[in-house]
Structure formats: structure tokens, C-alpha cells
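What's in start_36.cif: mmCIF, C-alpha atoms
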```
data_target
#
loop_
_atom_site.group_PDB
_atom_site.id
_atom_site.type_symbol
_atom_site.label_atom_id
_atom_site.label_comp_id
_atom_site.auth_asym_id
_atom_site.auth_seq_id
_atom_site.Cartn_x
_atom_site.Cartn_y
_atom_site.Cartn_z
ATOM 1 C CA MET A 1 88.623 200.942 -88.005
ATOM 2 C CA ALA A 2 89.993 201.867 -84.562
ATOM 3 C CA LYS A 3 87.877 204.152 -82.405
ATOM 4 C CA ALA A 4 90.389 207.043 -82.516
ATOM 5 C CA GLU A 5 90.493 206.963 -86.316
ATOM 6 C CA LYS A 6 86.688 206.807 -86.465
ATOM 7 C CA ASN A 7 86.457 209.841 -84.155
ATOM 8 C CA LEU A 8 89.002 211.670 -86.348
ATOM 9 C CA GLU A 9 86.930 210.902 -89.427
ATOM 10 C CA GLN A 10 83.730 212.118 -87.745
ATOM 11 C CA LEU A 11 85.504 215.273 -86.530
ATOM 12 C CA GLN A 12 86.311 216.394 -90.102
ATOM 13 C CA PRO A 13 82.960 218.124 -90.844
ATOM 14 C CA HIS A 14 83.445 220.251 -87.693
ATOM 15 C CA LEU A 15 86.778 221.666 -88.821
ATOM 16 C CA GLU A 16 87.003 225.114 -90.369
ATOM 17 C CA THR A 17 87.834 225.434 -94.057
ATOM 18 C CA GLY A 18 91.498 224.536 -94.530
ATOM 19 C CA GLU A 19 91.977 223.470 -90.898
ATOM 20 C CA THR A 20 94.073 220.318 -90.448
ATOM 21 C CA VAL A 21 94.608 217.924 -87.547
ATOM 22 C CA GLU A 22 98.317 217.729 -86.724
ATOM 23 C CA ALA A 23 98.173 215.216 -83.842
ATOM 24 C CA HIS A 24 95.689 213.550 -81.536
ATOM 25 C CA VAL A 25 95.441 211.466 -78.374
ATOM 26 C CA GLU A 26 92.678 209.133 -77.258
ATOM 27 C CA GLY A 27 91.466 208.833 -73.692
ATOM 28 C CA SER A 28 88.691 209.682 -71.269
ATOM 29 C CA TYR A 29 87.689 213.333 -71.136
ATOM 30 C CA GLU A 30 86.399 214.762 -67.858
ATOM 31 C CA THR A 31 83.829 217.514 -68.200
ATOM 32 C CA LYS A 32 80.562 218.822 -66.794
ATOM 33 C CA VAL A 33 77.363 218.011 -68.651
ATOM 34 C CA MET A 34 74.354 219.998 -67.480
ATOM 35 C CA GLY A 35 76.126 220.699 -64.179
ATOM 36 C CA THR A 36 77.027 217.056 -63.554
ATOM 37 C CA GLU A 37 80.538 215.609 -63.711
ATOM 38 C CA SER A 38 80.869 213.317 -66.701
ATOM 39 C CA VAL A 39 83.570 211.206 -68.311
ATOM 40 C CA ARG A 40 83.469 210.678 -72.093
ATOM 41 C CA LYS A 41 85.776 208.450 -74.134
ATOM 42 C CA GLY A 42 87.048 210.414 -77.126
ATOM 43 C CA ILE A 43 89.968 212.251 -78.682
ATOM 44 C CA LEU A 44 91.826 215.496 -78.174
ATOM 45 C CA ALA A 45 92.907 216.778 -81.572
ATOM 46 C CA ALA A 46 95.573 219.445 -82.057
ATOM 47 C CA THR A 47 94.861 221.332 -85.269
ATOM 48 C CA ASP A 48 96.765 224.144 -86.883
ATOM 49 C CA ARG A 49 94.276 226.574 -85.234
ATOM 50 C CA ARG A 50 92.952 225.115 -81.984
ATOM 51 C CA MET A 51 92.611 222.081 -79.799
ATOM 52 C CA LEU A 52 89.353 220.124 -79.995
ATOM 53 C CA PHE A 53 87.767 217.411 -77.901
ATOM 54 C CA TYR A 54 85.453 215.118 -79.870
ATOM 55 C CA ALA A 55 83.407 212.124 -78.753
ATOM 56 C CA LYS A 56 80.680 210.283 -80.609
ATOM 57 C CA LYS A 57 77.525 209.583 -78.630
ATOM 58 C CA PHE A 58 74.640 207.271 -79.403
ATOM 59 C CA THR A 59 72.446 210.139 -80.604
ATOM 60 C CA GLY A 60 75.040 212.743 -81.535
ATOM 61 C CA TYR A 61 78.433 213.955 -80.401
ATOM 62 C CA ASP A 62 80.285 216.102 -77.874
ATOM 63 C CA LEU A 63 82.589 218.801 -79.242
ATOM 64 C CA GLU A 64 84.573 221.376 -77.311
ATOM 65 C CA SER A 65 86.979 223.877 -78.848
ATOM 66 C CA PHE A 66 89.990 225.487 -77.187
ATOM 67 C CA PRO A 67 91.624 228.265 -79.236
ATOM 68 C CA TYR A 68 95.354 228.188 -78.531
ATOM 69 C CA GLY A 69 95.312 231.840 -77.467
ATOM 70 C CA ASN A 70 92.937 230.943 -74.604
ATOM 71 C CA ILE A 71 95.088 228.148 -73.163
ATOM 72 C CA SER A 72 96.957 229.523 -70.164
ATOM 73 C CA SER A 73 98.677 226.376 -68.909
ATOM 74 C CA ILE A 74 99.034 222.646 -69.461
ATOM 75 C CA GLU A 75 99.682 219.935 -66.878
ATOM 76 C CA GLN A 76 100.739 216.426 -67.774
ATOM 77 C CA GLY A 77 101.344 213.235 -65.878
ATOM 78 C CA LYS A 78 101.532 209.489 -66.113
ATOM 79 C CA ASN A 79 100.385 206.714 -63.820
ATOM 80 C CA PHE A 80 99.692 202.996 -64.088
ATOM 81 C CA MET A 81 96.400 203.743 -65.933
ATOM 82 C CA GLY A 82 98.115 205.848 -68.638
ATOM 83 C CA GLY A 83 98.898 209.450 -69.409
ATOM 84 C CA THR A 84 96.963 212.475 -68.156
ATOM 85 C CA LEU A 85 96.557 216.002 -69.525
ATOM 86 C CA LYS A 86 94.935 219.037 -67.963
ATOM 87 C CA PHE A 87 94.394 222.307 -69.820
ATOM 88 C CA PHE A 88 93.400 225.629 -68.332
ATOM 89 C CA ALA A 89 91.700 227.943 -70.821
ATOM 90 C CA SER A 90 89.795 231.175 -70.102
ATOM 91 C CA GLY A 91 88.389 230.051 -66.777
ATOM 92 C CA ASN A 92 87.659 226.576 -68.139
ATOM 93 C CA THR A 93 89.500 223.397 -67.202
ATOM 94 C CA ALA A 94 89.639 220.347 -69.439
ATOM 95 C CA SER A 95 91.146 217.029 -68.418
ATOM 96 C CA MET A 96 91.881 213.832 -70.275
ATOM 97 C CA LYS A 97 92.987 210.732 -68.434
ATOM 98 C CA TRP A 98 93.733 207.129 -69.271
ATOM 99 C CA ILE A 99 95.616 208.076 -72.424
ATOM 100 C CA ASP A 100 97.146 204.901 -73.819
ATOM 101 C CA VAL A 101 100.730 206.058 -74.294
ATOM 102 C CA ARG A 102 101.474 202.929 -76.358
ATOM 103 C CA LYS A 103 98.881 203.938 -78.992
ATOM 104 C CA SER A 104 99.089 207.735 -78.691
ATOM 105 C CA ASN A 105 102.171 209.862 -79.239
ATOM 106 C CA LEU A 106 101.565 212.056 -76.210
ATOM 107 C CA GLY A 107 104.951 213.791 -76.527
ATOM 108 C CA GLU A 108 104.307 214.833 -80.130
ATOM 109 C CA PHE A 109 100.805 216.030 -79.233
ATOM 110 C CA LEU A 110 102.117 218.190 -76.368
ATOM 111 C CA THR A 111 104.945 219.601 -78.482
ATOM 112 C CA ILE A 112 102.475 220.715 -81.155
ATOM 113 C CA VAL A 113 100.021 222.233 -78.662
ATOM 114 C CA GLN A 114 102.775 224.048 -76.754
ATOM 115 C CA ARG A 115 104.234 225.433 -80.004
ATOM 116 C CA HIS A 116 100.836 226.815 -81.000
ATOM 117 C CA VAL A 117 100.160 228.203 -77.509
ATOM 118 C CA ASN A 118 103.551 229.952 -77.477
ATOM 119 C CA THR A 119 103.050 231.301 -81.014
ATOM 120 C CA SER A 120 99.631 232.702 -80.086
ATOM 121 C CA ARG A 121 101.277 234.608 -77.213
ATOM 122 C CA SER A 122 103.267 236.905 -79.462
ATOM 123 C CA PRO A 123 104.377 240.237 -77.968
ATOM 124 C CA ALA A 124 101.540 242.613 -77.063
ATOM 125 C CA GLY A 125 100.349 244.594 -80.019
ATOM 126 C CA ALA A 126 102.145 242.454 -82.618
ATOM 127 C CA ASN A 127 98.885 241.359 -84.221
ATOM 128 C CA ASN A 128 96.740 244.333 -83.280
ATOM 129 C CA THR A 129 97.447 246.576 -86.222
ATOM 130 C CA PRO A 130 94.359 248.011 -87.935
ATOM 131 C CA ASP A 131 94.959 245.752 -90.938
ATOM 132 C CA SER A 132 95.363 242.553 -88.930
ATOM 133 C CA GLY A 133 91.680 241.572 -88.939
ATOM 134 C CA VAL A 134 91.643 241.019 -85.160
ATOM 135 C CA HIS A 135 88.249 242.708 -84.827
ATOM 136 C CA VAL A 136 86.843 240.588 -87.652
ATOM 137 C CA ASP A 137 88.279 237.400 -86.087
ATOM 138 C CA ILE A 138 86.706 238.214 -82.727
ATOM 139 C CA ALA A 139 83.341 238.980 -84.332
ATOM 140 C CA ASP A 140 83.545 235.673 -86.231
ATOM 141 C CA GLN A 141 84.410 233.816 -83.036
ATOM 142 C CA ILE A 142 81.435 235.372 -81.242
ATOM 143 C CA ARG A 143 79.173 234.328 -84.131
ATOM 144 C CA LYS A 144 80.521 230.771 -83.877
ATOM 145 C CA LEU A 145 79.956 230.777 -80.120
ATOM 146 C CA SER A 146 76.391 231.942 -80.739
ATOM 147 C CA ASP A 147 75.896 229.034 -83.145
ATOM 148 C CA LEU A 148 77.261 226.614 -80.527
ATOM 149 C CA LYS A 149 74.849 228.067 -77.965
ATOM 150 C CA ALA A 150 71.939 227.710 -80.425
ATOM 151 C CA GLU A 151 72.927 224.054 -81.003
ATOM 152 C CA GLY A 152 72.906 223.445 -77.248
ATOM 153 C CA ILE A 153 76.640 222.772 -77.086
ATOM 154 C CA LEU A 154 77.295 225.866 -74.936
ATOM 155 C CA SER A 155 75.097 227.020 -72.086
ATOM 156 C CA GLU A 156 74.059 230.663 -71.808
ATOM 157 C CA GLU A 157 76.591 231.142 -68.994
ATOM 158 C CA GLU A 158 79.435 229.582 -71.023
ATOM 159 C CA PHE A 159 78.506 231.689 -74.038
ATOM 160 C CA LEU A 160 78.469 234.929 -72.033
ATOM 161 C CA ALA A 161 81.783 234.126 -70.316
ATOM 162 C CA LYS A 162 83.567 233.356 -73.598
ATOM 163 C CA LYS A 163 81.969 236.351 -75.327
ATOM 164 C CA THR A 164 83.156 238.631 -72.497
ATOM 165 C CA ASP A 165 86.693 237.224 -72.825
ATOM 166 C CA LEU A 166 86.680 237.899 -76.567
ATOM 167 C CA LEU A 167 85.317 241.421 -76.200
ATOM 168 C CA LYS A 168 88.097 242.270 -73.731
ATOM 169 C CA ARG A 169 90.573 241.712 -76.582
ATOM 170 C CA LEU A 170 89.117 244.524 -78.691
#
```
Can you dump the structure from the file as C-alpha cells?
Amino acid sequence: MAKAEKNLEQLQPHLETGETVEAHVEGSYETKVMGTESVRKGILAATDRRMLFYAKKFTGYDLESFPYGNISSIEQGKNFMGGTLKFFASGNTASMKWIDVRKSNLGEFLTIVQRHVNTSRSPAGANNTPDSGVHVDIADQIRKLSDLKAEGILSEEEFLAKKTDLLKRL
């Protein structure tokens, strides 16, 4: 089984009920781990609800979630080492480089992500009716962030920053 498919299989238990992966790309993800720059080989998965980075580690995994509504811009490029993507989301930057464009359908992945990002930016107030469940969704997202903090996936600072962003939407 190829590494990307294995990562996709191992990502499944981390998806929400009914959530499906629509596209993915494999490459090297640049992030900070405990304040230190780190590069992890893994996948970016575009689901019907969010974008996820997943990488298997020797003793566990790395998982980072980017709700489409939080993604403010996307940069893409290509060089002799492969494709590159950079996402800006709620004060966070995520980069993936060395995407093998022969194995990954980078164009399809970007089309799906951009469609979801544009859909999540519906006109102001369109989804903020009292019956829309926005307050419930935000409370659920804060609970999930709290769980991620408890699991050590998010630091206290990351948790507080994302919680503040969510509370501003109320």
C-alpha cells in the first residue's frame, strides 16, 4: 500500500461522522513543533467540511485541521522539486512542499478547496439566522479545540487564539 493511501486509511478515525475525503495531495508539511520548525511527510486532505494535514509518526500521528471558513488565502507554485501550497488561516500559516504532481492531482485538490472556501464565505448574515445552529456549531468547535488541547495537539496559546476567533463570530 502506498504511503498516501496508508495515511488516508489512518486518517479515517479522525473524521467527523459522515465526513468524506474528496481529494488529497502528498508532500512535506512545514510546521512548528514545540516552537521549532519541523518538516513532516504526510497528506493534505480536502474533505466536505475542512482541510486536514495528517502524518503518521513512530509513536503516534500529527493532525491539523483547517475549517474552510478560516482559510483566508491560498498560494500555489511549482519548481523542479514539485508543487507547493501555502494556506493562511486565522493567523496560522500552513505550507506543503515537494508535492509529486505526477502522483497527486494538485489541480483537482485546489479546485475543491477553493470551492469550499468560497462557499463558506457566503454573504454576511446568510447563515446567522436564529435557527441556523451557528452558536451550537461554534460551541462544538470550541469543545473540539479543548479536546485537541487536552490531547497535546494544540498548545494553550493556539487554543486561546482559535477560541477567540470563534467567539468573535457569535
Inset, instruction - For atom CA of A:Asp62 and atom CA of A:Leu15, determine how far apart the two atoms are, in Å to one decimal place. - result: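 So the two atoms, atom CA of A:Asp62 and atom CA of A:Leu15, lie 13.9 Å apart.
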Inset, instruction - Can you pull out every residue within 12 Å of stretch 5-14 of chain A, counting only C-alpha atoms, but drop anything in the same chain fewer than 5 positions away, and send it as a ChimeraX atom specification? - result: /A:19-27,41-47,51-57,60-65,103-104,144,148
Inset, instruction - Figure out the distance between atom CA of A:Phe66 and atom CA of A:Asn118, please, to one decimal in Å. - result: 14.3 Å
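Between atom CA of A:Met96 and atom CA of A:Lys78 there is a distance of 11.4 Å.
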Can you tell me which residues surround A:Met81 at a distance of at most 10 Å, considering all atoms listed in the file, apart from same-chain residues fewer than 2 positions away, and format the answer as a PDB file with C-alpha atoms, in the frame of the given file?
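Produced file out39.pdb, reproduced below:
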```
ATOM      1  CA  LYS A  78     101.532 209.489 -66.113  1.00  0.00           C
ATOM      2  CA  ASN A  79     100.385 206.714 -63.820  1.00  0.00           C
ATOM      3  CA  GLY A  83      98.898 209.450 -69.409  1.00  0.00           C
ATOM      4  CA  THR A  84      96.963 212.475 -68.156  1.00  0.00           C
ATOM      5  CA  LYS A  97      92.987 210.732 -68.434  1.00  0.00           C
ATOM      6  CA  TRP A  98      93.733 207.129 -69.271  1.00  0.00           C
ATOM      7  CA  ILE A  99      95.616 208.076 -72.424  1.00  0.00           C
ATOM      8  CA  ASP A 100      97.146 204.901 -73.819  1.00  0.00           C
ATOM      9  CA  VAL A 101     100.730 206.058 -74.294  1.00  0.00           C
TER      10      VAL A 101
END
```
Inset, instruction - Select, from A:Tyr68, A:Arg102, A:Ser28, A:Glu16, the residue with the minimum atom-to-atom distance to A:Phe87, counting only C-alpha atoms. - result: A:Tyr68
